[in-house]
Amino acid sequence: MSWKYIPYSLYNSKNTYYSLRKTLSFNCGINLIIGARVTGKTFALKDYLTRQFINKGQKFVWIRDTVDAKKELCDNDGAKFFEDFPLMRNNKFISGSIKKSEFIINEKHAGTCLPASVFQRYKGNSFQETKTIVYDEFIREKGRINNKNNLWATINTFSTIGTD
């Protein structure tokens with residue numbers, strides 16, 4: 001497997017927010033997107049996943065590092081996750097929610113939200129229909145606990161989902 005560093009600057013872009021166009025144009029199996037806050041990385045991924053699901057039926061898994069981080073995302077039926085969806089200007093998007101860790105888009109099951117810290121709970125589940133895995137907030141903020149178990153959980157989470 002080979003990799004390539006692709007610098008991305010909003011200063012050199014005509015877009016105000018992050019665009020996945022260049023990143024996805026290389027057809028890499030794994031893409032890491034690291035950048036400054038409030039540049040639209042997560043928004044771009046939510047838009048991409050929604051369009052892929054609505055247009056092609058491609059399901060996804062959204063990973064957060066801990067049970068608490070996942071719960072925060074799923075609280076109130078995922079209201080915070082979906083609050084910026086009107087900005088996408090996607091006429092095919094009608095509704096979105098998160099019910100019991102399952103993403104529901106236009107009243108259909110679109111994906112799953114998982115915490116990496118408890119990967120062993122999901123070992124028996126099937127992720128065969130999963131086309132995209134997003135690990136949101138992969139790099140931990142300062143002051144958050146980091147240990148070797150975090151890496152172990154991340155590797156096992158991807159192994160559980162990706163080898164189905």
# chains A, B, ... in the order shown; residues from 1 in each chain; ligands from 1
>>> residues_around(residues="Asp68 of chain A", least_positions_apart="4", cutoff="10 Å", atoms="only C-alpha atoms", output="list in words")
Arg64, Glu72, Leu73, Cys74, Pro115 and Ser117 of chain A
>>> residues_around(residues="Thr132 of chain A", least_positions_apart="4", cutoff="10 Å", atoms="only C-alpha atoms", output="list in words")
Gly29, Ile30, Leu49, Gln52, Gln58, Lys59, Phe60, Val61, Trp62, Gly111, Ile161 and Gly162 of chain A
>>> residues_around(residues="segment 80-92 of chain A", least_positions_apart="4", cutoff="12 Å", atoms="only C-alpha atoms", output="number ranges by chain")
A: 17, 40, 42-55, 62, 70-76, 96-98, 103-106, 113, 136
>>> atom_distance(atom1="atom CA of Cys28 of chain A", atom2="atom CA of Val67 of chain A")
29.3 Å
>>> atom_distance(atom1="atom CA of Leu24 of chain A", atom2="atom CA of Ala36 of chain A")
19.3 Å
>>> select_by_dssp(residues="segment 10-158 of chain A", states="strand (DSSP E or B)", output="PyMOL selection string")
chain A and resi 59-64+96-99+102-105+108-115+130-135
>>> write_last_selection(atoms="N, CA, C and O atoms", output="mmCIF file, in the first residue's frame")
data_model
loop_
_atom_site.group_PDB
_atom_site.id
_atom_site.type_symbol
_atom_site.label_atom_id
_atom_site.label_comp_id
_atom_site.auth_asym_id
_atom_site.auth_seq_id
_atom_site.Cartn_x
_atom_site.Cartn_y
_atom_site.Cartn_z
ATOM 1 N N LYS A 59 -24.332 2.488 2.547
ATOM 2 C CA LYS A 59 -24.422 2.706 3.990
ATOM 3 C C LYS A 59 -23.053 3.028 4.574
ATOM 4 O O LYS A 59 -22.022 2.776 3.958
ATOM 5 N N PHE A 60 -23.064 3.578 5.797
ATOM 6 C CA PHE A 60 -21.825 4.011 6.426
ATOM 7 C C PHE A 60 -21.818 3.687 7.909
ATOM 8 O O PHE A 60 -22.859 3.383 8.499
ATOM 9 N N VAL A 61 -20.628 3.744 8.495
ATOM 10 C CA VAL A 61 -20.458 3.647 9.942
ATOM 11 C C VAL A 61 -19.745 4.914 10.384
ATOM 12 O O VAL A 61 -18.740 5.310 9.797
ATOM 13 N N TRP A 62 -20.286 5.552 11.413
ATOM 14 C CA TRP A 62 -19.700 6.774 11.985
ATOM 15 C C TRP A 62 -19.158 6.377 13.352
ATOM 16 O O TRP A 62 -19.907 5.913 14.204
ATOM 17 N N ILE A 63 -17.858 6.547 13.563
ATOM 18 C CA ILE A 63 -17.221 6.123 14.803
ATOM 19 C C ILE A 63 -16.826 7.332 15.639
ATOM 20 O O ILE A 63 -16.273 8.302 15.116
ATOM 21 N N ARG A 64 -17.091 7.250 16.923
ATOM 22 C CA ARG A 64 -16.573 8.193 17.917
ATOM 23 C C ARG A 64 -15.700 7.379 18.864
ATOM 24 O O ARG A 64 -15.839 6.160 18.957
ATOM 25 N N GLY A 96 -33.764 13.327 8.772
ATOM 26 C CA GLY A 96 -32.673 12.551 9.326
ATOM 27 C C GLY A 96 -32.768 12.490 10.835
ATOM 28 O O GLY A 96 -33.185 13.448 11.474
ATOM 29 N N SER A 97 -32.382 11.341 11.388
ATOM 30 C CA SER A 97 -32.357 11.173 12.833
ATOM 31 C C SER A 97 -31.427 10.010 13.171
ATOM 32 O O SER A 97 -30.978 9.285 12.289
ATOM 33 N N ILE A 98 -31.146 9.880 14.457
ATOM 34 C CA ILE A 98 -30.372 8.737 14.944
ATOM 35 C C ILE A 98 -31.233 8.053 15.997
ATOM 36 O O ILE A 98 -31.557 8.635 17.021
ATOM 37 N N LYS A 99 -31.623 6.833 15.713
ATOM 38 C CA LYS A 99 -32.469 6.048 16.617
ATOM 39 C C LYS A 99 -31.681 4.826 17.077
ATOM 40 O O LYS A 99 -31.301 3.989 16.245
ATOM 41 N N GLU A 102 -28.610 4.043 15.186
ATOM 42 C CA GLU A 102 -28.800 3.820 13.753
ATOM 43 C C GLU A 102 -29.180 5.133 13.071
ATOM 44 O O GLU A 102 -30.126 5.799 13.492
ATOM 45 N N PHE A 103 -28.454 5.491 12.018
ATOM 46 C CA PHE A 103 -28.783 6.683 11.240
ATOM 47 C C PHE A 103 -29.981 6.367 10.352
ATOM 48 O O PHE A 103 -29.976 5.370 9.628
ATOM 49 N N ILE A 104 -30.978 7.231 10.416
ATOM 50 C CA ILE A 104 -32.170 7.085 9.589
ATOM 51 C C ILE A 104 -32.237 8.319 8.686
ATOM 52 O O ILE A 104 -32.349 9.441 9.170
ATOM 53 N N ILE A 105 -32.132 8.098 7.390
ATOM 54 C CA ILE A 105 -32.217 9.188 6.414
ATOM 55 C C ILE A 105 -33.386 8.897 5.490
ATOM 56 O O ILE A 105 -33.458 7.813 4.897
ATOM 57 N N LYS A 108 -35.158 5.629 6.075
ATOM 58 C CA LYS A 108 -34.475 4.366 5.759
ATOM 59 C C LYS A 108 -33.183 4.266 6.562
ATOM 60 O O LYS A 108 -32.520 5.269 6.824
ATOM 61 N N HIS A 109 -32.827 3.033 6.912
ATOM 62 C CA HIS A 109 -31.583 2.798 7.645
ATOM 63 C C HIS A 109 -30.390 3.133 6.741
ATOM 64 O O HIS A 109 -30.213 2.535 5.682
ATOM 65 N N ALA A 110 -29.577 4.113 7.166
ATOM 66 C CA ALA A 110 -28.461 4.585 6.348
ATOM 67 C C ALA A 110 -27.103 4.217 6.912
ATOM 68 O O ALA A 110 -26.116 4.156 6.181
ATOM 69 N N GLY A 111 -27.027 3.983 8.215
ATOM 70 C CA GLY A 111 -25.735 3.697 8.813
ATOM 71 C C GLY A 111 -25.842 3.474 10.302
ATOM 72 O O GLY A 111 -26.927 3.462 10.878
ATOM 73 N N THR A 112 -24.668 3.315 10.918
ATOM 74 C CA THR A 112 -24.586 2.999 12.334
ATOM 75 C C THR A 112 -23.558 3.892 13.001
ATOM 76 O O THR A 112 -22.532 4.208 12.398
ATOM 77 N N CYS A 113 -23.803 4.267 14.236
ATOM 78 C CA CYS A 113 -22.860 5.049 15.026
ATOM 79 C C CYS A 113 -22.285 4.137 16.105
ATOM 80 O O CYS A 113 -23.036 3.523 16.859
ATOM 81 N N LEU A 114 -20.965 4.026 16.152
ATOM 82 C CA LEU A 114 -20.313 3.124 17.100
ATOM 83 C C LEU A 114 -19.243 3.838 17.918
ATOM 84 O O LEU A 114 -18.537 4.698 17.395
ATOM 85 N N PRO A 115 -19.055 3.428 19.174
ATOM 86 C CA PRO A 115 -17.917 3.899 19.950
ATOM 87 C C PRO A 115 -16.761 2.905 19.805
ATOM 88 O O PRO A 115 -16.952 1.700 19.992
ATOM 89 N N THR A 130 -21.686 -1.899 4.571
ATOM 90 C CA THR A 130 -20.957 -0.662 4.844
ATOM 91 C C THR A 130 -19.973 -0.356 3.722
ATOM 92 O O THR A 130 -19.155 -1.189 3.358
ATOM 93 N N LYS A 131 -20.077 0.852 3.174
ATOM 94 C CA LYS A 131 -19.167 1.283 2.109
ATOM 95 C C LYS A 131 -18.134 2.282 2.614
ATOM 96 O O LYS A 131 -17.053 2.381 2.080
ATOM 97 N N THR A 132 -18.502 3.061 3.649
ATOM 98 C CA THR A 132 -17.609 4.102 4.145
ATOM 99 C C THR A 132 -17.589 4.083 5.663
ATOM 100 O O THR A 132 -18.632 3.939 6.301
ATOM 101 N N ILE A 133 -16.401 4.239 6.223
ATOM 102 C CA ILE A 133 -16.222 4.343 7.666
ATOM 103 C C ILE A 133 -15.617 5.711 7.948
ATOM 104 O O ILE A 133 -14.608 6.086 7.363
ATOM 105 N N VAL A 134 -16.241 6.455 8.839
ATOM 106 C CA VAL A 134 -15.719 7.754 9.260
ATOM 107 C C VAL A 134 -15.390 7.673 10.741
ATOM 108 O O VAL A 134 -16.242 7.297 11.547
ATOM 109 N N TYR A 135 -14.157 7.985 11.084
ATOM 110 C CA TYR A 135 -13.766 8.083 12.491
ATOM 111 C C TYR A 135 -13.687 9.563 12.814
ATOM 112 O O TYR A 135 -12.710 10.224 12.500
#
>>> atom_distance(atom1="atom CA of Arg37 of chain A", atom2="atom CA of Thr66 of chain A")
20.3 Å
>>> select_by_dssp(residues="segment 47-162 of chain A", states="alpha helix (DSSP H)", output="compact mmCIF listing (two decimals) with C-alpha atoms, in the first residue's frame")
# COMPACT_ATOMS: atom_id res chain seq x y z
CA ASP A 47 -22.93 15.81 2.89
CA TYR A 48 -20.96 13.14 0.98
CA LEU A 49 -22.37 10.24 3.03
CA THR A 50 -25.93 11.52 2.70
CA ARG A 51 -25.64 11.88 -1.07
CA GLN A 52 -24.00 8.45 -1.41
CA PHE A 53 -26.80 6.88 0.60
CA ILE A 54 -29.68 8.68 -1.13
CA ASN A 55 -28.30 8.26 -4.66
CA LYS A 56 -26.61 4.83 -4.44
CA VAL A 67 -19.39 5.69 24.58
CA ASP A 68 -19.90 9.21 25.96
CA ALA A 69 -18.81 10.85 22.70
CA LYS A 70 -21.14 8.57 20.76
CA LYS A 71 -24.00 9.27 23.18
CA GLU A 72 -23.47 13.01 22.77
CA LEU A 73 -23.76 12.64 19.00
CA CYS A 74 -26.89 10.47 19.23
CA ASP A 75 -28.69 12.46 21.95
CA ASN A 76 -32.06 13.96 21.09
CA ASP A 77 -32.35 11.70 18.01
CA GLY A 78 -29.14 13.16 16.58
CA ALA A 79 -30.51 16.70 16.41
CA LYS A 80 -27.03 18.30 16.62
CA PHE A 81 -25.69 16.00 13.90
CA PHE A 82 -28.48 16.94 11.50
CA LYS A 148 -2.23 2.24 24.34
CA ASN A 149 -5.78 0.86 24.66
CA ASN A 150 -7.04 3.69 22.42
CA LEU A 151 -4.90 2.42 19.54
CA TRP A 152 -5.93 -1.17 20.24
CA ALA A 153 -9.62 -0.19 20.20
CA THR A 154 -9.21 1.76 16.94
CA ILE A 155 -7.47 -1.12 15.16
CA ASN A 156 -10.04 -3.63 16.37
CA THR A 157 -12.97 -1.39 15.44
CA PHE A 158 -11.74 -1.09 11.86
CA SER A 159 -11.03 -4.81 11.80
CA THR A 160 -14.54 -5.62 13.02
CA ILE A 161 -16.22 -3.40 10.44
CA GLY A 162 -13.83 -3.73 7.51
